[in-house]
Amino acid sequence: SSSLAILTSAKDAVPNVDRTNQGVRAEQRRPHRRLSTTTTAAADDYPATRDPSAFSHLPTFQIPQFVLLTFDDAVTRYQSDLYRPFASILDSRGCGIKATWYVSISPSPLGSPLTDCGTINGLRRGMHEIATHTYGHVGDPSLTDITDALDWLEFECGVPREEMRGFRTPNLRFTQRTFDTLSDVGMLYDSSIGDVGSGSDDGRRHLWPYTMNDGIKQSCEAAAGSCDPTKSIPGLWEVP
């Protein structure tokens with residue numbers, strides 16, 4: 001399943017950076033707008049799911065579980081070929097496997113784009129989720145690093161801004177600024193904090209997605225980042 005499918009129920013100006021022959025040109029730029037809220041996040045009504053003792057008395061097959069398939073970095077025809085073996089696998093309802101693609105555009109902030117728009121839109125037609133991973137694969141990203149990817153995918157590939165609701169920071173390098181910026185931009189969720197230190201225990205101890213309404217429920221330091229775990233960021237989800 002895609003990360004967005006799990007989470008949903010049915011101000012700043014972008015700097016005038018000119019990347020010659022790289023898609024997002026100065027004359028195309030416009031003041032960055034907060035993403036629309038047409039996608040409604042599910043309520044975070046299950047705090048017990050983050051307490052391993054809540055499931056200690058249940059056999060594994062009775063514990064609600066899901067698997068997320070994700071890919072990071074530039075989306076090329078070669079990368080999509082890696083997914084192709086999964087395309088023919090169907091679940092018990094006859095549905096194919098969908099993935100979340102955390103897309104970076106270039107291997108460096110000033111590099112040429114590697115992401116292929118034809119492949120991006122083919123994935124969209126296949127009902128995959130397009131999320132973002134900064135323009136130039138930058139850890140501890142700034143506002144510009146994050147919004148440049150959104151702009152490029154919108155202007156060059158035609159991906160509607162409201163479809164791009166998720167983010168993962170490159171190399172899982174994040175700071176508190178990362179989450180503050182994602183909230184300012186209007187993203188629905190982050191998926192940068194590794195679920196480390198809990199141990200699997202037959203699947204009983206893995207964290208479920210949670211909102212940052214009451215802070216961060218994981219150890220940012222153990223996950224190779226930094227944060228203020230007590231800071232509330234209402235409405236921003238974390239998908240460990």
# chains A, B, ... in the order shown; residues from 1 in each chain; ligands from 1
call {"tool": "closest_atom_pairs", "arguments": {"of": "segment 150-197 of chain A", "to": "segment 110-131 of chain A", "cutoff": "9 Å", "atoms": "only C-alpha atoms", "output": "Markdown table"}}
result
| residue | atom | partner | partner_atom | distance |
| --- | --- | --- | --- | --- |
| A:Leu150 | CA | A:Ala131 | CA | 8.9 |
| A:Leu153 | CA | A:Cys117 | CA | 7.9 |
| A:Glu156 | CA | A:Cys117 | CA | 7.2 |
| A:Cys157 | CA | A:Cys117 | CA | 4.9 |
| A:Gly158 | CA | A:Asn121 | CA | 8.3 |
| A:Val159 | CA | A:Asn121 | CA | 7.7 |
| A:Glu163 | CA | A:Ile130 | CA | 7.2 |
| A:Met164 | CA | A:Ala131 | CA | 5.1 |
| A:Arg165 | CA | A:Ala131 | CA | 6.3 |
| A:Gly166 | CA | A:Ala131 | CA | 4.9 |
| A:Phe167 | CA | A:Ala131 | CA | 5.7 |
| A:Arg168 | CA | A:Ala131 | CA | 8.0 |
call {"tool": "residues_around", "arguments": {"residues": "segment 227-230 of chain A", "least_positions_apart": "6", "cutoff": "9 Å", "atoms": "only C-alpha atoms", "output": "list in words"}}
result
Phe174, Thr175, Gln176, Arg177, Thr178, Phe179, Met212, Asp214, Gly215, Ile216, Lys217, Gln218, Ser219, Cys220 and Glu221 of chain A
call {"tool": "select_by_dssp", "arguments": {"residues": "segment 75-211 of chain A", "states": "strand (DSSP E or B)", "output": "count of residues only"}}
result
16
call {"tool": "residues_around", "arguments": {"residues": "Pro141 of chain A", "least_positions_apart": "3", "cutoff": "9 Å", "atoms": "only C-alpha atoms", "output": "compact mmCIF listing (two decimals) with C-alpha atoms, in the first residue's frame"}}
result
# COMPACT_ATOMS: atom_id res chain seq x y z
CA THR A 134 14.08 17.34 -2.04
CA HIS A 137 19.01 15.00 -2.52
CA VAL A 138 19.89 17.27 0.42
CA THR A 144 14.00 25.87 -0.81
CA ASP A 145 15.31 22.30 -0.95
CA ILE A 146 11.80 21.01 -0.21
CA THR A 169 14.53 13.47 3.93
CA PRO A 170 17.58 12.11 2.04
CA ARG A 173 19.08 13.30 7.96
CA PHE A 174 16.53 15.51 9.68
CA THR A 175 16.36 18.22 12.33
CA ARG A 177 13.60 22.49 11.15
CA THR A 178 12.58 19.70 8.78
CA THR A 181 9.12 23.45 7.39
call {"tool": "atom_distance", "arguments": {"atom1": "atom CA of Thr76 of chain A", "atom2": "atom CA of Phe155 of chain A"}}
result
17.9 Å
call {"tool": "select_by_dssp", "arguments": {"residues": "segment 127-203 of chain A", "states": "helix (DSSP H, G or I)", "output": "PyMOL selection string"}}
result
chain A and resi 143-157+161-163+170-172+176-185
call {"tool": "write_last_selection", "arguments": {"atoms": "N, CA and C atoms", "output": "PDB file, in the first residue's frame"}}
result
ATOM      1  N   LEU A 143      13.798  25.189   3.368  1.00  0.00           N
ATOM      2  CA  LEU A 143      12.533  25.387   2.681  1.00  0.00           C
ATOM      3  C   LEU A 143      12.714  25.273   1.171  1.00  0.00           C
ATOM      4  N   THR A 144      13.759  25.904   0.637  1.00  0.00           N
ATOM      5  CA  THR A 144      13.997  25.871  -0.807  1.00  0.00           C
ATOM      6  C   THR A 144      14.244  24.452  -1.300  1.00  0.00           C
ATOM      7  N   ASP A 145      15.041  23.683  -0.557  1.00  0.00           N
ATOM      8  CA  ASP A 145      15.306  22.296  -0.954  1.00  0.00           C
ATOM      9  C   ASP A 145      14.006  21.510  -1.101  1.00  0.00           C
ATOM     10  N   ILE A 146      13.072  21.757  -0.201  1.00  0.00           N
ATOM     11  CA  ILE A 146      11.802  21.009  -0.208  1.00  0.00           C
ATOM     12  C   ILE A 146      10.871  21.515  -1.307  1.00  0.00           C
ATOM     13  N   THR A 147      10.725  22.833  -1.412  1.00  0.00           N
ATOM     14  CA  THR A 147       9.749  23.372  -2.366  1.00  0.00           C
ATOM     15  C   THR A 147      10.224  23.285  -3.807  1.00  0.00           C
ATOM     16  N   ASP A 148      11.538  23.274  -4.034  1.00  0.00           N
ATOM     17  CA  ASP A 148      12.025  23.143  -5.415  1.00  0.00           C
ATOM     18  C   ASP A 148      11.569  21.826  -6.044  1.00  0.00           C
ATOM     19  N   ALA A 149      11.543  20.765  -5.254  1.00  0.00           N
ATOM     20  CA  ALA A 149      11.067  19.481  -5.784  1.00  0.00           C
ATOM     21  C   ALA A 149       9.582  19.555  -6.117  1.00  0.00           C
ATOM     22  N   LEU A 150       8.803  20.164  -5.229  1.00  0.00           N
ATOM     23  CA  LEU A 150       7.373  20.330  -5.499  1.00  0.00           C
ATOM     24  C   LEU A 150       7.153  21.143  -6.772  1.00  0.00           C
ATOM     25  N   ASP A 151       7.906  22.234  -6.909  1.00  0.00           N
ATOM     26  CA  ASP A 151       7.744  23.086  -8.086  1.00  0.00           C
ATOM     27  C   ASP A 151       8.107  22.353  -9.373  1.00  0.00           C
ATOM     28  N   TRP A 152       9.231  21.637  -9.355  1.00  0.00           N
ATOM     29  CA  TRP A 152       9.682  20.942 -10.568  1.00  0.00           C
ATOM     30  C   TRP A 152       8.661  19.886 -11.001  1.00  0.00           C
ATOM     31  N   LEU A 153       8.186  19.110 -10.062  1.00  0.00           N
ATOM     32  CA  LEU A 153       7.223  18.064 -10.401  1.00  0.00           C
ATOM     33  C   LEU A 153       5.909  18.659 -10.895  1.00  0.00           C
ATOM     34  N   GLU A 154       5.520  19.810 -10.349  1.00  0.00           N
ATOM     35  CA  GLU A 154       4.294  20.454 -10.807  1.00  0.00           C
ATOM     36  C   GLU A 154       4.473  21.071 -12.196  1.00  0.00           C
ATOM     37  N   PHE A 155       5.530  21.877 -12.381  1.00  0.00           N
ATOM     38  CA  PHE A 155       5.693  22.612 -13.631  1.00  0.00           C
ATOM     39  C   PHE A 155       6.166  21.736 -14.777  1.00  0.00           C
ATOM     40  N   GLU A 156       7.075  20.790 -14.497  1.00  0.00           N
ATOM     41  CA  GLU A 156       7.652  19.980 -15.566  1.00  0.00           C
ATOM     42  C   GLU A 156       6.851  18.715 -15.845  1.00  0.00           C
ATOM     43  N   CYS A 157       6.340  18.084 -14.809  1.00  0.00           N
ATOM     44  CA  CYS A 157       5.643  16.802 -14.988  1.00  0.00           C
ATOM     45  C   CYS A 157       4.124  16.927 -14.898  1.00  0.00           C
ATOM     46  N   ARG A 161      -0.205  19.864  -7.255  1.00  0.00           N
ATOM     47  CA  ARG A 161       0.432  20.081  -5.964  1.00  0.00           C
ATOM     48  C   ARG A 161      -0.287  19.341  -4.844  1.00  0.00           C
ATOM     49  N   GLU A 162      -1.610  19.253  -4.937  1.00  0.00           N
ATOM     50  CA  GLU A 162      -2.360  18.616  -3.850  1.00  0.00           C
ATOM     51  C   GLU A 162      -2.148  17.110  -3.789  1.00  0.00           C
ATOM     52  N   GLU A 163      -1.578  16.504  -4.833  1.00  0.00           N
ATOM     53  CA  GLU A 163      -1.289  15.068  -4.788  1.00  0.00           C
ATOM     54  C   GLU A 163      -0.035  14.768  -3.976  1.00  0.00           C
ATOM     55  N   PRO A 170      16.496  12.963   2.539  1.00  0.00           N
ATOM     56  CA  PRO A 170      17.580  12.115   2.042  1.00  0.00           C
ATOM     57  C   PRO A 170      18.504  11.656   3.160  1.00  0.00           C
ATOM     58  N   ASN A 171      18.913  10.397   3.056  1.00  0.00           N
ATOM     59  CA  ASN A 171      19.799   9.776   4.042  1.00  0.00           C
ATOM     60  C   ASN A 171      19.209   9.813   5.448  1.00  0.00           C
ATOM     61  N   LEU A 172      17.895  10.070   5.537  1.00  0.00           N
ATOM     62  CA  LEU A 172      17.187  10.167   6.818  1.00  0.00           C
ATOM     63  C   LEU A 172      17.838  11.186   7.751  1.00  0.00           C
ATOM     64  N   GLN A 176      14.791  19.425  13.715  1.00  0.00           N
ATOM     65  CA  GLN A 176      13.472  19.984  14.020  1.00  0.00           C
ATOM     66  C   GLN A 176      13.018  20.923  12.915  1.00  0.00           C
ATOM     67  N   ARG A 177      13.969  21.605  12.255  1.00  0.00           N
ATOM     68  CA  ARG A 177      13.601  22.491  11.153  1.00  0.00           C
ATOM     69  C   ARG A 177      12.863  21.742  10.056  1.00  0.00           C
ATOM     70  N   THR A 178      13.240  20.485   9.816  1.00  0.00           N
ATOM     71  CA  THR A 178      12.584  19.698   8.781  1.00  0.00           C
ATOM     72  C   THR A 178      11.083  19.628   9.034  1.00  0.00           C
ATOM     73  N   PHE A 179      10.699  19.280  10.235  1.00  0.00           N
ATOM     74  CA  PHE A 179       9.275  19.103  10.544  1.00  0.00           C
ATOM     75  C   PHE A 179       8.548  20.446  10.576  1.00  0.00           C
ATOM     76  N   ASP A 180       9.218  21.477  11.093  1.00  0.00           N
ATOM     77  CA  ASP A 180       8.603  22.806  11.099  1.00  0.00           C
ATOM     78  C   ASP A 180       8.325  23.270   9.674  1.00  0.00           C
ATOM     79  N   THR A 181       9.278  23.030   8.778  1.00  0.00           N
ATOM     80  CA  THR A 181       9.117  23.450   7.387  1.00  0.00           C
ATOM     81  C   THR A 181       8.010  22.664   6.704  1.00  0.00           C
ATOM     82  N   LEU A 182       7.963  21.373   6.928  1.00  0.00           N
ATOM     83  CA  LEU A 182       6.908  20.562   6.321  1.00  0.00           C
ATOM     84  C   LEU A 182       5.534  21.048   6.772  1.00  0.00           C
ATOM     85  N   SER A 183       5.416  21.413   8.033  1.00  0.00           N
ATOM     86  CA  SER A 183       4.154  21.937   8.528  1.00  0.00           C
ATOM     87  C   SER A 183       3.828  23.268   7.864  1.00  0.00           C
ATOM     88  N   ASP A 184       4.826  24.149   7.731  1.00  0.00           N
ATOM     89  CA  ASP A 184       4.607  25.445   7.102  1.00  0.00           C
ATOM     90  C   ASP A 184       4.158  25.299   5.648  1.00  0.00           C
ATOM     91  N   VAL A 185       4.733  24.319   4.956  1.00  0.00           N
ATOM     92  CA  VAL A 185       4.393  24.096   3.547  1.00  0.00           C
ATOM     93  C   VAL A 185       3.012  23.467   3.415  1.00  0.00           C
TER      94      VAL A 185
END
call {"tool": "residues_around", "arguments": {"residues": "Val103 of chain A", "least_positions_apart": "3", "cutoff": "6 Å", "atoms": "only C-alpha atoms", "output": "PyMOL selection string"}}
result
chain A and resi 73-74+132-133
